[in-house]
Every structure is written in C-alpha cells, then in structure tokens.
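Data file: my_file04.cif. Format and content: mmCIF, C-alpha atoms.
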```
data_final
loop_
_atom_site.label_atom_id
_atom_site.label_comp_id
_atom_site.auth_asym_id
_atom_site.auth_seq_id
_atom_site.Cartn_x
_atom_site.Cartn_y
_atom_site.Cartn_z
CA MET S 1 0.00 0.00 0.00
CA LYS S 2 2.85 2.39 0.84
CA ARG S 3 4.44 1.71 -2.54
CA LEU S 4 1.17 2.53 -4.28
CA ILE S 5 0.88 5.83 -2.42
CA VAL S 6 4.49 6.71 -3.23
CA ALA S 7 3.89 5.83 -6.90
CA PHE S 8 0.82 8.11 -7.07
CA LEU S 9 2.72 10.94 -5.39
CA ALA S 10 5.60 10.51 -7.84
CA LEU S 11 3.20 10.54 -10.80
CA GLY S 12 1.57 13.69 -9.44
CA PHE S 13 4.95 15.35 -9.10
CA ILE S 14 5.94 14.36 -12.64
CA ALA S 15 2.60 15.60 -14.01
CA SER S 16 3.00 18.94 -12.28
CA ALA S 17 6.54 19.27 -13.63
CA VAL S 18 5.27 19.16 -17.23
CA ALA S 19 2.41 21.61 -16.67
CA GLU S 20 2.12 24.48 -19.10
CA GLU S 21 0.64 27.89 -18.52
CA ALA S 22 -1.49 29.67 -21.08
CA ILE S 23 -3.68 32.76 -21.37
CA THR S 24 -7.03 33.07 -23.07
CA LEU S 25 -6.91 35.18 -26.23
CA ARG S 26 -10.58 36.12 -25.98
CA SER S 27 -13.52 35.58 -23.65
CA THR S 28 -13.84 31.79 -23.69
CA GLU S 29 -16.42 29.28 -22.48
CA LEU S 30 -15.07 26.61 -20.11
CA LYS S 31 -16.93 23.40 -21.04
CA ASP S 32 -17.39 20.28 -18.92
CA LYS S 33 -16.48 18.05 -21.90
CA PRO S 34 -14.46 18.60 -25.11
CA TYR S 35 -17.50 19.27 -27.32
CA SER S 36 -19.04 22.47 -28.67
CA ASP S 37 -22.47 21.45 -27.37
CA ALA S 38 -21.24 20.42 -23.90
CA LYS S 39 -22.47 22.22 -20.78
CA THR S 40 -20.74 25.56 -20.17
CA LEU S 41 -19.29 25.71 -16.66
CA LEU S 42 -18.29 29.37 -16.77
CA THR S 43 -16.88 32.00 -19.09
CA LEU S 44 -13.20 32.87 -18.73
CA PRO S 45 -12.46 36.52 -19.50
CA GLU S 46 -9.87 37.52 -22.10
CA ARG S 47 -6.25 37.25 -20.79
CA SER S 48 -7.18 34.76 -18.04
CA LYS S 49 -4.24 32.64 -16.86
CA VAL S 50 -4.89 28.90 -17.00
CA GLU S 51 -2.89 25.73 -16.42
CA VAL S 52 -2.90 23.32 -19.36
CA LEU S 53 -3.65 19.79 -18.17
CA MET S 54 -4.29 17.77 -21.34
CA ARG S 55 -4.97 18.09 -25.04
CA ARG S 56 -7.54 16.17 -27.05
CA ALA S 57 -7.89 17.02 -30.73
CA SER S 58 -8.76 20.73 -30.97
CA TRP S 59 -9.66 20.94 -27.26
CA THR S 60 -7.46 21.67 -24.26
CA GLN S 61 -8.29 20.73 -20.69
CA VAL S 62 -7.35 23.58 -18.37
CA LYS S 63 -7.52 24.52 -14.72
CA SER S 64 -8.46 28.06 -13.76
CA GLY S 65 -8.57 28.68 -10.03
CA THR S 66 -10.69 25.85 -8.63
CA SER S 67 -12.46 25.12 -11.94
CA THR S 68 -11.34 22.49 -14.43
CA GLY S 69 -12.82 22.13 -17.91
CA TRP S 70 -12.23 22.23 -21.65
CA VAL S 71 -11.61 25.20 -23.99
CA LYS S 72 -10.96 25.37 -27.72
CA MET S 73 -7.24 25.17 -28.45
CA LEU S 74 -7.39 28.24 -30.70
CA SER S 75 -8.60 30.33 -27.75
CA LEU S 76 -5.29 29.86 -25.90
CA GLN S 77 -1.76 31.12 -26.19
CA LEU S 78 1.01 29.31 -24.31
CA VAL S 79 3.04 31.52 -22.02
CA ARG S 80 6.64 31.63 -23.25
CA GLY S 81 9.11 29.72 -21.12
CA THR S 82 6.63 27.19 -19.70
CA THR S 83 6.45 24.85 -22.68
CA GLN S 84 7.72 21.39 -21.83
CA ARG S 85 8.53 19.01 -24.65
CA ARG S 86 6.21 16.04 -24.72
CA ALA S 87 7.54 12.52 -25.22
CA ASP S 88 5.58 12.18 -28.48
CA ASN S 89 7.14 15.35 -29.98
CA GLY S 90 3.61 16.47 -30.85
CA LEU S 91 3.25 13.86 -33.60
CA ARG S 92 0.16 12.31 -32.02
CA SER S 93 -1.67 15.65 -31.89
CA LEU S 94 -0.73 16.34 -35.52
CA PHE S 95 -3.08 13.59 -36.69
CA ASN S 96 -5.95 14.29 -34.28
CA VAL S 97 -9.31 15.59 -35.46
CA ALA S 98 -11.90 17.46 -33.45
CA GLN S 99 -15.06 15.81 -32.21
CA THR S 100 -17.82 18.35 -32.56
CA GLY S 101 -20.45 16.80 -30.33
CA ARG S 102 -22.01 13.72 -28.88
CA GLY S 103 -22.72 12.42 -32.37
CA GLY S 104 -18.99 11.92 -32.91
CA SER S 105 -18.80 13.75 -36.24
CA SER S 106 -15.27 14.90 -37.00
CA VAL S 107 -13.76 18.00 -38.51
CA THR S 108 -10.21 19.18 -38.92
CA THR S 109 -8.87 22.26 -37.18
CA GLY S 110 -7.87 25.13 -39.45
CA VAL S 111 -6.37 28.58 -39.10
CA ARG S 112 -8.79 31.30 -38.09
CA GLY S 113 -8.51 34.95 -37.29
CA LEU S 114 -5.86 35.90 -39.85
CA SER S 115 -6.90 38.33 -42.51
CA GLU S 116 -5.23 38.63 -45.91
CA GLU S 117 -3.62 41.85 -44.66
CA ASP S 118 -2.25 40.06 -41.58
CA LEU S 119 -0.65 37.48 -43.83
CA LYS S 120 0.81 40.11 -46.18
CA ASN S 121 2.29 42.08 -43.27
CA SER S 122 3.70 39.11 -41.39
CA LYS S 123 7.37 39.09 -40.50
CA PRO S 124 9.67 36.12 -39.86
CA ASN S 125 10.49 35.24 -36.26
CA PRO S 126 13.82 33.34 -36.20
CA GLN S 127 13.48 32.52 -32.49
CA GLU S 128 10.10 30.82 -33.03
CA LEU S 129 11.52 28.97 -36.05
CA GLU S 130 14.35 27.57 -33.92
CA GLU S 131 11.83 26.51 -31.27
CA ALA S 132 9.65 24.82 -33.92
CA LYS S 133 12.68 22.89 -35.24
CA GLN S 134 12.82 21.09 -31.88
CA TYR S 135 9.58 19.34 -32.89
CA ALA S 136 11.05 17.99 -36.12
CA ALA S 137 11.30 14.21 -36.37
CA THR S 138 14.15 12.38 -38.03
CA LYS S 139 13.40 9.84 -40.74
CA ASP S 140 14.10 7.00 -38.26
CA GLU S 141 11.78 8.55 -35.64
CA ALA S 142 9.03 8.86 -38.25
CA LYS S 143 9.49 5.22 -39.27
CA ARG S 144 9.31 4.08 -35.61
CA PHE S 145 6.18 6.18 -35.10
CA ALA S 146 4.55 4.69 -38.21
CA LYS S 147 5.50 1.16 -37.17
CA GLN S 148 4.11 1.72 -33.65
CA GLY S 149 0.84 2.95 -35.13
CA LYS S 150 0.78 0.03 -37.60
CA LEU S 151 0.68 2.53 -40.47
CA LYS S 152 1.32 1.28 -44.00
CA PRO S 153 2.82 3.32 -46.83
CA GLN S 154 0.46 4.44 -49.59
CA GLN S 155 1.25 5.93 -52.95
CA VAL S 156 -0.71 9.13 -53.60
CA GLY S 157 -0.76 10.45 -57.14
CA TYR S 158 -0.50 14.08 -58.10
CA LEU S 159 -3.60 16.02 -59.12
CA PRO S 160 -3.77 16.82 -62.84
CA GLY S 161 -1.48 19.75 -63.60
CA GLY S 162 0.24 19.47 -60.23
CA GLU S 163 3.34 17.52 -61.35
CA ARG S 164 6.66 19.33 -61.22
#
```

As structure tokens:
Amino acid sequence: MKRLIVAFLALGFIASAVAEEAITLRSTELKDKPYSDAKTLLTLPERSKVEVLMRRASWTQVKSGTSTGWVKMLSLQLVRGTTQRRADNGLRSLFNVAQTGRGGSSVTTGVRGLSEEDLKNSKPNPQELEEAKQYAATKDEAKRFAKQGKLKPQQVGYLPGGER
C-alpha cells in the first residue's frame, strides 16, 4: 500500500513538472467536456491565466482557479518559457481531429482569425523557427512512429497539372 501511495505521489509530481501555462486570447467558455455542445461551466475573461492539463484534438483541458474544464485550443496562447517538450514530440496531436459533439462527427482544425492583410504584413520570427525545429522528427523517428501505429505506406498520385 505504501508503494502505491508513493507511486501516485511521484506521478503527481511528474505531471506537475510538465504543466504548461497559457492565457485566453478572448472571452472563452469553459466546457465540462471537449465538445461544442457540452455544458458551459463558466466564461473565462480575455487574458485569463490557465494551467494546461491535457490536449484532445482541438480541445485543451485547463484549470483556472478551482475550476477544471475544456476550452478550444485556438482560444489559448502558451506563455513563453513554460512549454515542456512532450515525449511524443507532438506527432500524435498532428493527426488528431476534433469531435464536434455527442454524435462523434469529426472536422479538422484550421487557421482562423488571420486576414489577408495580416498574412501580407507578417514578418519572420527566427526565435520561433528555432523553437519549432525542436519538434522535427528524423526519418528514423518517423518510421518508428509509423510502425508503432501500424501505419502502412500508400502511394498518392499528383492532381492533374500538379506535377513538377
């Protein structure tokens, strides 16, 4: 029994060590489940600090004060300096899709909130590029990931006029 308690304490310590902080980018509903039609627990004001607990598709489980719930991933911005690298290098979340409700229909997550003018006036950020490179997988890592997931190679042809 003592070993079990020690193991749970150790897991709790490890989990807290990889916690990330984020802020809400806009007023955001905190949901009890990761679905758009789930019950709203409360509304977090813009710039609220939250602790990121878990990610599932386009949803992020967060803790704000004494409340824990789910918010849309695109409503959050990670606070610089708190990001911990996950063991999966983010590859698992790359292939996730969002569940939109109890019916289980799926959609992909896209970019929102950027106007054509924002894109035209964007400037490179070398520091962010270097940080993003840390998520890159080597060819061997990608092969191991594919093997673990029992993925099989498939040949995908070019669209007409798309060959180079």

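Taken over the whole file, the PyMOL selection byres ((chain S and resi 30) around 7) covers exactly S:Thr28, S:Glu29, S:Lys31, S:Asp32, S:Thr40, S:Leu41, S:Leu42, S:Thr43, S:Leu44, S:Gly69, S:Trp70, S:Val71.
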
Kindly save the residues from that selection, with C-alpha atoms included, as an mmCIF file, in the frame of the given file.
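Okay, part.cif is ready:
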```cif
data_model
loop_
_atom_site.group_PDB
_atom_site.id
_atom_site.type_symbol
_atom_site.label_atom_id
_atom_site.label_comp_id
_atom_site.auth_asym_id
_atom_site.auth_seq_id
_atom_site.Cartn_x
_atom_site.Cartn_y
_atom_site.Cartn_z
ATOM 1 C CA THR S 28 -13.840 31.790 -23.690
ATOM 2 C CA GLU S 29 -16.420 29.280 -22.480
ATOM 3 C CA LYS S 31 -16.930 23.400 -21.040
ATOM 4 C CA ASP S 32 -17.390 20.280 -18.920
ATOM 5 C CA THR S 40 -20.740 25.560 -20.170
ATOM 6 C CA LEU S 41 -19.290 25.710 -16.660
ATOM 7 C CA LEU S 42 -18.290 29.370 -16.770
ATOM 8 C CA THR S 43 -16.880 32.000 -19.090
ATOM 9 C CA LEU S 44 -13.200 32.870 -18.730
ATOM 10 C CA GLY S 69 -12.820 22.130 -17.910
ATOM 11 C CA TRP S 70 -12.230 22.230 -21.650
ATOM 12 C CA VAL S 71 -11.610 25.200 -23.990
#
```

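The interatomic distance for the pair CA of Ala57 in chain S and CA of Glu20 in chain S works out to 17.1 Å.
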
Worksheet entry | Contacts of Lys49 in chain S within 12 Å, all atoms listed in the file, excl. fewer than 2 positions in-chain, as a VMD selection string | chain S and resid 20 to 28 44 to 47 51 to 52 62 to 65 75 to 79

Worksheet item: So how many Å separate CA of Glu141 in chain S and CA of Trp59 in chain S, to one decimal?
Response: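 Between CA of Glu141 in chain S and CA of Trp59 in chain S the gap is 26.1 Å.
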
Would you give the centre and edge lengths, in Å to one decimal, of a box along x, y and z around the listed atoms of range 134-143 of chain S, with 6 Å added to each side, as JSON?
```
{"center_x": 11.6, "center_y": 13.2, "center_z": -36.3, "size_x": 17.1, "size_y": 27.9, "size_z": 20.9}
```

Discussion item. Using Å and a single decimal, report how far CA of Ala38 in chain S sits from CA of Arg56 in chain S.
Written reply: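 According to the coordinates, CA of Arg56 in chain S and CA of Ala38 in chain S are separated by 14.7 Å.
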